[in-house]
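Data first, discussion second: the structure below is written as structure tokens.
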Amino acid sequence: MIPTSSPVEPFDYVVFGATGDLTMRKLLPALYYRFCEGQMPADARVIGAARSELSDESFRERARDALNRFVKQADLKADVLGRFLDCIFYVSVNGAESESSWGNLTRLFGADDRARIRVFYLATSPGLYGRICANLAAKELVSERSRVVLEKPIGHDLASARQINDEVGAVFTEKQVFRIDHYLGKETVQNLIALRFANPVFERLWSADAIEHVQITAAETVGVEGRGAYYDHSGALRDMIQNHLLQVMCLVAMEPPGSLEADSVRNEKLKVLRALKPIRAHDVATLAIRGQYGRGRIADSIVPGYLEELGEGRQSDTETFVALKAEVHSWRWGKVPFYLRSGKRLPAKLSEIVVQFKETPWSIFPSKLQANRLTIRLQPEEGIQLSIMSKDPGPDGMVLRPANIDISFEKAFSARYPDAYERLLMDTVRGDPVLFMRRDEVEAAWTWVEPILEGWSRDPATLNHYGAGTWGPQAAQRLIEADGHRWHEDLR
Ligand code: BG6
């Protein structure tokens, strides 16, 4: 993998859906930070594309407001901000229609620009991806040096994912397609590869021989944040598990790749997805728990329930919480359970991987021993923690208690941890796909997820309820306790 700050060639970065939340909240701040670190060449251009009629100046004003909101004040320097805004342009174009508004973009590119790197970032509704790509091709805007970036979700199910992949694939080769999953851009997720394959101390133990189970949690305190229209159509399984959590799980469970080449890593991830034991529709009540939050308290505030957030009188059986038990059927993993869990309006914002090791086969100590546990924190405060048993200092003999070896990466390396998008956007310019999902991975993930969706839709009683500010429905406790385990927060 290439270091984050390696230089990139001059580029045009065209963002479709430029006036949307993702552009303002994530993409522009990420590009700003790369600009500050000198990684964006002076003549690189960021081109916002959307239907609204805006001038360059008014789009720059929106960008300025967004940067003021989403970049730390200490990192905003007026002169740098001014220079960054000068690199931003805007074209009014209806990406889904083949009419004349495309001329605005064609003119901006100019005739002799085909050797320059062009990235088309599609931050629109996925239903438009195919048409935008077809229009890019029809207007002859795609060259060998062009790439397309697809935001998730890639489809709503396997059939729609295939359709999108076919339509995009009719214009761009697989090498030019970058399916983004921002969890793969998180430093600690990438560090998983380093942790596993640069430290034999872990890899030697990384199997059913020593590991009892694995928990992967992505918990959020926020609700649907004004994204109700999208979220209600999606739900937590499609929004978080099908992509982010399965991808993280792949990196935990995969075999050592032959190299860090994209296909080498992606082949191993694909094998994990294909080795997942299917959760059949009739197993969902015990293996795939879903829940929806009601009104509750988080920190000191009372927060509304999901239906209240959607709007008065709305009914919905969309899940805002999922906890499920997966198994990777392979020699390495045997029947080791991987518990995946994600939910909104939980008590804390955290993403972590907990690797629970097995107990000692025999104990010579009077104290009860706690099995070793490795916690890999993706957020907040990226780091790792290894719990070990240690002798309690003092004259009372061999009294043992758990203690932690704790590394906070930010403190250890005294470095700013870049947002995932910073790394990923520059990778799209460099054309390095290692941290992006290949078509077959996306489709394998949908293949595994679909029977769960089907089981839930067959049986409305599988929708559990939980109060905002709790760790999800009781059924999620039963899921893990049935195997004699407990969720990490109950072990602390
Ligand atoms: C997005 C989901 O992909 O990830 C959101 O669509 C979710 O619903 C977000 O809030 C969580 O990302 P992070 O990086 O804050 O854990």
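To be explicit about the labels: the chains of the structure tokens are called A, B, and onward in the order shown, and within each one the residues are counted from 1, while ligands get numbers from 1 in the order they are shown.
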- Task: Any chance you could list, as a ChimeraX atom specification, the residues in region 21-206 of chain A that come up helix (DSSP H, G or I) when DSSP is run on the backbone?
- Result: /A:21-36,56-70,73-75,78-86,102-109,126-138,158-169,174-176,182-185,187-197,200-203
Selected residues, C-alpha atoms, written as a short mmCIF file (atom, residue, chain, number, x, y, z; two decimals), in the first residue's frame, please.
data_model
loop_
_atom_site.label_atom_id
_atom_site.label_comp_id
_atom_site.auth_asym_id
_atom_site.auth_seq_id
_atom_site.Cartn_x
_atom_site.Cartn_y
_atom_site.Cartn_z
CA ASP A 21 -24.56 16.23 2.45
CA LEU A 22 -21.72 13.79 1.71
CA THR A 23 -19.87 16.31 -0.46
CA MET A 24 -20.14 19.03 2.12
CA ARG A 25 -19.55 16.93 5.22
CA LYS A 26 -16.86 14.54 3.99
CA LEU A 27 -15.49 15.04 0.48
CA LEU A 28 -14.62 18.75 0.54
CA PRO A 29 -13.06 18.60 4.03
CA ALA A 30 -11.01 15.55 2.97
CA LEU A 31 -9.75 17.34 -0.16
CA TYR A 32 -9.03 20.46 1.89
CA TYR A 33 -6.78 18.50 4.24
CA ARG A 34 -4.94 16.92 1.31
CA PHE A 35 -4.51 20.39 -0.16
CA CYS A 36 -3.10 21.68 3.15
CA ASP A 56 -18.53 28.97 -9.37
CA GLU A 57 -18.67 31.76 -6.81
CA SER A 58 -21.88 30.67 -5.12
CA PHE A 59 -20.70 27.05 -4.98
CA ARG A 60 -17.43 28.23 -3.45
CA GLU A 61 -19.45 30.09 -0.80
CA ARG A 62 -21.28 26.85 0.03
CA ALA A 63 -17.96 25.04 0.16
CA ARG A 64 -16.55 27.73 2.46
CA ASP A 65 -19.52 27.35 4.83
CA ALA A 66 -19.13 23.58 4.83
CA LEU A 67 -15.43 23.77 5.58
CA ASN A 68 -16.13 26.19 8.41
CA ARG A 69 -18.54 23.66 9.86
CA PHE A 70 -16.70 20.40 9.27
CA GLN A 73 -11.14 25.81 13.34
CA ALA A 74 -7.45 25.41 14.20
CA ASP A 75 -6.88 23.79 10.80
CA ALA A 78 -7.54 31.95 5.59
CA ASP A 79 -4.85 32.09 2.88
CA VAL A 80 -4.81 28.29 2.36
CA LEU A 81 -8.60 28.17 2.36
CA GLY A 82 -8.67 30.92 -0.27
CA ARG A 83 -6.23 29.04 -2.50
CA PHE A 84 -8.17 25.79 -2.07
CA LEU A 85 -11.45 27.48 -2.99
CA ASP A 86 -9.79 28.82 -6.15
CA TRP A 102 -23.57 18.28 -20.45
CA GLY A 103 -21.99 20.96 -22.59
CA ASN A 104 -21.09 22.80 -19.37
CA LEU A 105 -18.84 19.96 -18.29
CA THR A 106 -17.41 19.27 -21.74
CA ARG A 107 -16.43 22.93 -22.09
CA LEU A 108 -14.71 22.94 -18.71
CA PHE A 109 -12.62 19.95 -19.65
CA PRO A 126 -27.38 4.64 -6.90
CA GLY A 127 -30.32 4.38 -9.30
CA LEU A 128 -28.59 7.09 -11.39
CA TYR A 129 -25.13 5.52 -11.59
CA GLY A 130 -25.83 3.64 -14.80
CA ARG A 131 -27.31 6.63 -16.62
CA ILE A 132 -24.55 8.99 -15.54
CA CYS A 133 -21.93 6.55 -16.80
CA ALA A 134 -23.76 6.07 -20.09
CA ASN A 135 -23.89 9.85 -20.52
CA LEU A 136 -20.21 10.25 -19.70
CA ALA A 137 -19.46 7.72 -22.43
CA ALA A 138 -21.86 9.29 -24.93
CA LEU A 158 -28.29 -8.67 -5.34
CA ALA A 159 -30.29 -8.06 -8.52
CA SER A 160 -30.02 -4.27 -8.33
CA ALA A 161 -26.31 -4.48 -7.42
CA ARG A 162 -25.71 -6.65 -10.49
CA GLN A 163 -27.63 -4.24 -12.67
CA ILE A 164 -25.58 -1.27 -11.43
CA ASN A 165 -22.34 -3.20 -11.87
CA ASP A 166 -23.36 -4.19 -15.41
CA GLU A 167 -24.32 -0.66 -16.39
CA VAL A 168 -21.16 0.88 -14.94
CA GLY A 169 -19.12 -2.00 -16.38
CA GLU A 174 -13.25 -3.13 -13.50
CA LYS A 175 -9.83 -1.53 -12.90
CA GLN A 176 -11.38 1.91 -13.34
CA HIS A 182 -15.14 4.31 4.04
CA TYR A 183 -14.47 1.79 6.81
CA LEU A 184 -11.61 0.46 4.70
CA GLY A 185 -10.04 3.92 4.79
CA GLU A 187 -6.42 3.89 9.83
CA THR A 188 -7.07 1.15 12.35
CA VAL A 189 -8.81 -1.02 9.79
CA GLN A 190 -5.72 -0.80 7.61
CA ASN A 191 -3.63 -1.38 10.69
CA LEU A 192 -5.37 -4.72 11.10
CA ILE A 193 -3.33 -5.95 8.17
CA ALA A 194 -0.15 -4.73 9.85
CA LEU A 195 -1.15 -6.14 13.21
CA ARG A 196 -1.89 -9.56 11.78
CA PHE A 197 0.82 -10.01 9.21
CA PRO A 200 3.73 -13.26 14.33
CA VAL A 201 2.82 -13.09 18.01
CA PHE A 202 -0.80 -12.58 16.93
CA GLU A 203 -0.93 -14.50 13.68
#
- Message: Residues within 9 Å of Ser367 (chain A), please, as a count of residues only. Count only C-alpha atoms; anything in the same chain fewer than 5 positions from it doesn't count.
- Response: 4
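Interatomic distance, CA of Thr286 (chain A) against CA of Ala208 (chain A): 22.7 Å.
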- Message: Taking 5 positions as the minimum chain separation for residues in the same chain, which residues sit within 10 Å of Asp432 (chain A) when counting only C-alpha atoms? Answer as a PyMOL selection string.
- Response: chain A and resi 1-2+175-176+178+261-262+424+426-427
Let me have all residues with an atom within 7 Å of ligand 1, counting only C-alpha atoms and all ligand atoms, laid out as a JSON list (two decimals) with C-alpha atoms, in the first residue's frame.
[["chain", "number", "residue", "atom", "x", "y", "z"],
["A", 182, "HIS", "CA", -15.14, 4.31, 4.04],
["A", 183, "TYR", "CA", -14.47, 1.79, 6.81],
["A", 218, "ALA", "CA", -20.24, -0.29, 15.21],
["A", 220, "GLU", "CA", -23.76, 5.15, 17.10],
["A", 239, "ASP", "CA", -26.54, 0.44, 5.64],
["A", 240, "MET", "CA", -23.82, -1.00, 7.87],
["A", 351, "SER", "CA", -16.46, 0.87, 16.57]]
Tell me, which residues of region 155-313 of chain A carry DSSP strand (DSSP E), written as a short mmCIF file (atom, residue, chain, number, x, y, z; two decimals) with N, CA, C and O atoms, in the first residue's frame?
data_model
loop_
_atom_site.label_atom_id
_atom_site.label_comp_id
_atom_site.auth_asym_id
_atom_site.auth_seq_id
_atom_site.Cartn_x
_atom_site.Cartn_y
_atom_site.Cartn_z
N VAL A 177 -13.07 1.11 -11.77
CA VAL A 177 -14.24 1.28 -10.88
C VAL A 177 -13.79 1.18 -9.43
O VAL A 177 -13.18 0.18 -9.03
N PHE A 178 -14.10 2.20 -8.65
CA PHE A 178 -13.71 2.25 -7.24
C PHE A 178 -14.98 2.27 -6.38
O PHE A 178 -15.63 3.30 -6.28
N ARG A 179 -15.32 1.12 -5.81
CA ARG A 179 -16.51 1.06 -4.94
C ARG A 179 -16.06 1.38 -3.53
O ARG A 179 -15.33 0.60 -2.92
N ILE A 211 -8.76 -18.97 19.56
CA ILE A 211 -9.79 -17.92 19.66
C ILE A 211 -11.16 -18.53 19.94
O ILE A 211 -11.58 -19.47 19.26
N GLU A 212 -11.82 -17.98 20.94
CA GLU A 212 -13.15 -18.47 21.34
C GLU A 212 -14.23 -17.86 20.46
O GLU A 212 -15.09 -18.53 19.93
N HIS A 213 -14.18 -16.54 20.35
CA HIS A 213 -15.13 -15.86 19.47
C HIS A 213 -14.62 -14.46 19.15
O HIS A 213 -13.65 -13.99 19.78
N VAL A 214 -15.28 -13.81 18.19
CA VAL A 214 -14.91 -12.45 17.79
C VAL A 214 -16.18 -11.60 17.80
O VAL A 214 -17.25 -12.07 17.38
N GLN A 215 -16.07 -10.39 18.31
CA GLN A 215 -17.21 -9.45 18.25
C GLN A 215 -16.79 -8.24 17.41
O GLN A 215 -15.71 -7.71 17.62
N ILE A 216 -17.65 -7.83 16.51
CA ILE A 216 -17.37 -6.60 15.75
C ILE A 216 -18.59 -5.69 15.92
O ILE A 216 -19.71 -6.06 15.57
N THR A 217 -18.36 -4.54 16.52
CA THR A 217 -19.46 -3.63 16.85
C THR A 217 -19.23 -2.27 16.21
O THR A 217 -18.12 -1.75 16.25
N ALA A 218 -20.28 -1.71 15.62
CA ALA A 218 -20.24 -0.29 15.21
C ALA A 218 -21.48 0.34 15.82
O ALA A 218 -22.61 0.08 15.36
N ALA A 219 -21.28 1.08 16.88
CA ALA A 219 -22.41 1.66 17.61
C ALA A 219 -22.42 3.17 17.41
O ALA A 219 -21.38 3.80 17.36
N ALA A 288 -30.16 -13.83 13.57
CA ALA A 288 -30.06 -12.45 13.06
C ALA A 288 -31.15 -11.60 13.72
O ALA A 288 -32.30 -11.61 13.27
N ILE A 289 -30.77 -10.91 14.75
CA ILE A 289 -31.73 -10.14 15.54
C ILE A 289 -31.83 -8.73 14.98
O ILE A 289 -30.81 -8.08 14.71
N ARG A 290 -33.05 -8.26 14.82
CA ARG A 290 -33.20 -6.86 14.37
C ARG A 290 -34.04 -6.10 15.38
O ARG A 290 -34.88 -6.68 16.10
N GLY A 291 -33.81 -4.81 15.48
CA GLY A 291 -34.55 -4.00 16.43
C GLY A 291 -34.74 -2.58 15.91
O GLY A 291 -34.07 -2.16 14.95
N GLN A 292 -35.67 -1.88 16.53
CA GLN A 292 -35.94 -0.48 16.16
C GLN A 292 -36.02 0.31 17.46
O GLN A 292 -36.65 -0.14 18.42
N TYR A 293 -35.39 1.49 17.48
CA TYR A 293 -35.38 2.23 18.75
C TYR A 293 -36.66 3.02 18.96
O TYR A 293 -37.27 3.53 18.04
N GLY A 294 -37.03 3.09 20.25
CA GLY A 294 -38.10 3.98 20.66
C GLY A 294 -37.49 5.12 21.46
O GLY A 294 -36.26 5.21 21.60
N GLY A 296 -36.02 7.48 24.25
CA GLY A 296 -35.17 7.10 25.38
C GLY A 296 -34.22 8.22 25.74
O GLY A 296 -34.33 9.34 25.23
N ARG A 297 -33.28 7.91 26.58
CA ARG A 297 -32.36 8.94 27.08
C ARG A 297 -30.93 8.58 26.66
O ARG A 297 -30.48 7.45 26.86
N ILE A 298 -30.23 9.55 26.07
CA ILE A 298 -28.80 9.37 25.78
C ILE A 298 -28.07 10.53 26.43
O ILE A 298 -28.43 11.68 26.23
N SER A 301 -29.99 13.77 27.57
CA SER A 301 -31.12 14.24 26.75
C SER A 301 -32.10 13.13 26.46
O SER A 301 -31.71 11.99 26.19
N ILE A 302 -33.36 13.52 26.45
CA ILE A 302 -34.39 12.60 25.98
C ILE A 302 -34.42 12.70 24.46
O ILE A 302 -34.47 13.80 23.91
N VAL A 303 -34.34 11.56 23.78
CA VAL A 303 -34.35 11.63 22.31
C VAL A 303 -35.58 10.89 21.79
O VAL A 303 -36.05 9.93 22.40
#
- Message: Residues within 8 Å of Pro380 (chain A), please, as number ranges by chain. Count only C-alpha atoms; anything in the same chain fewer than 2 positions from it doesn't count.
- Response: A: 349-351, 377-378, 382
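Using only C-alpha atoms, the shortest contact distance between Leu122 (chain A) and any of A:Gly484, A:Gly17, A:Gly383, A:Pro451 is found at A:Gly17.
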- Rounded to one decimal place, report the CA of Val284 (chain A)-CA of His244 (chain A) distance in Å. 20.4 Å
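Checking A:Ser55, A:Ser342, A:Thr428, A:Ser264 one by one against Ile241 (chain A), counting only C-alpha atoms, you find the shortest gap at A:Ser342.
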For region 385-390 of chain A, find every residue with an atom within 6 Å (counting only C-alpha atoms), except residues of its own chain fewer than 5 positions away, and show them as a short mmCIF file (atom, residue, chain, number, x, y, z; two decimals) with N, CA and C atoms, in the first residue's frame.
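Contents of out_5.cif, freshly written:
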data_model
loop_
_atom_site.label_atom_id
_atom_site.label_comp_id
_atom_site.auth_asym_id
_atom_site.auth_seq_id
_atom_site.Cartn_x
_atom_site.Cartn_y
_atom_site.Cartn_z
N ASN A 372 -7.55 -14.09 27.88
CA ASN A 372 -7.01 -12.89 27.21
C ASN A 372 -8.01 -12.36 26.19
N ARG A 373 -7.95 -11.05 26.05
CA ARG A 373 -8.86 -10.42 25.10
C ARG A 373 -8.11 -9.32 24.37
N LEU A 374 -8.21 -9.29 23.04
CA LEU A 374 -7.58 -8.23 22.27
C LEU A 374 -8.68 -7.34 21.73
N THR A 375 -8.62 -6.06 22.08
CA THR A 375 -9.63 -5.13 21.58
C THR A 375 -8.97 -4.16 20.61
N LEU A 400 -4.09 -12.98 41.40
CA LEU A 400 -3.99 -12.44 40.03
C LEU A 400 -5.18 -11.55 39.71
N ARG A 401 -4.92 -10.59 38.84
CA ARG A 401 -6.05 -9.81 38.33
C ARG A 401 -5.74 -9.35 36.90
N PRO A 402 -6.80 -9.02 36.14
CA PRO A 402 -6.55 -8.61 34.76
C PRO A 402 -5.92 -7.21 34.70
N ALA A 403 -5.01 -7.02 33.78
CA ALA A 403 -4.42 -5.70 33.53
C ALA A 403 -4.36 -5.52 32.01
N ASN A 404 -4.20 -4.27 31.57
CA ASN A 404 -4.25 -4.01 30.12
C ASN A 404 -2.94 -3.51 29.55
N ILE A 405 -2.56 -4.04 28.44
CA ILE A 405 -1.51 -3.40 27.63
C ILE A 405 -2.29 -2.54 26.64
N ASP A 406 -2.06 -1.24 26.70
CA ASP A 406 -2.96 -0.32 26.01
C ASP A 406 -2.17 0.63 25.11
#
- Message: Restricting the calculation to only C-alpha atoms: of A:Leu246, A:Ala415, A:Leu260, A:Leu425, which residue gets closest to Ala444 (chain A)?
- Response: A:Leu246
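CA of Val224 (chain A) is positioned 27.6 Å from CA of Phe120 (chain A).
Proximity of A:Ala371, A:Val248, A:Val8, A:Leu54 to Pro41 (chain A), computed with only C-alpha atoms, is greatest for A:Val8.
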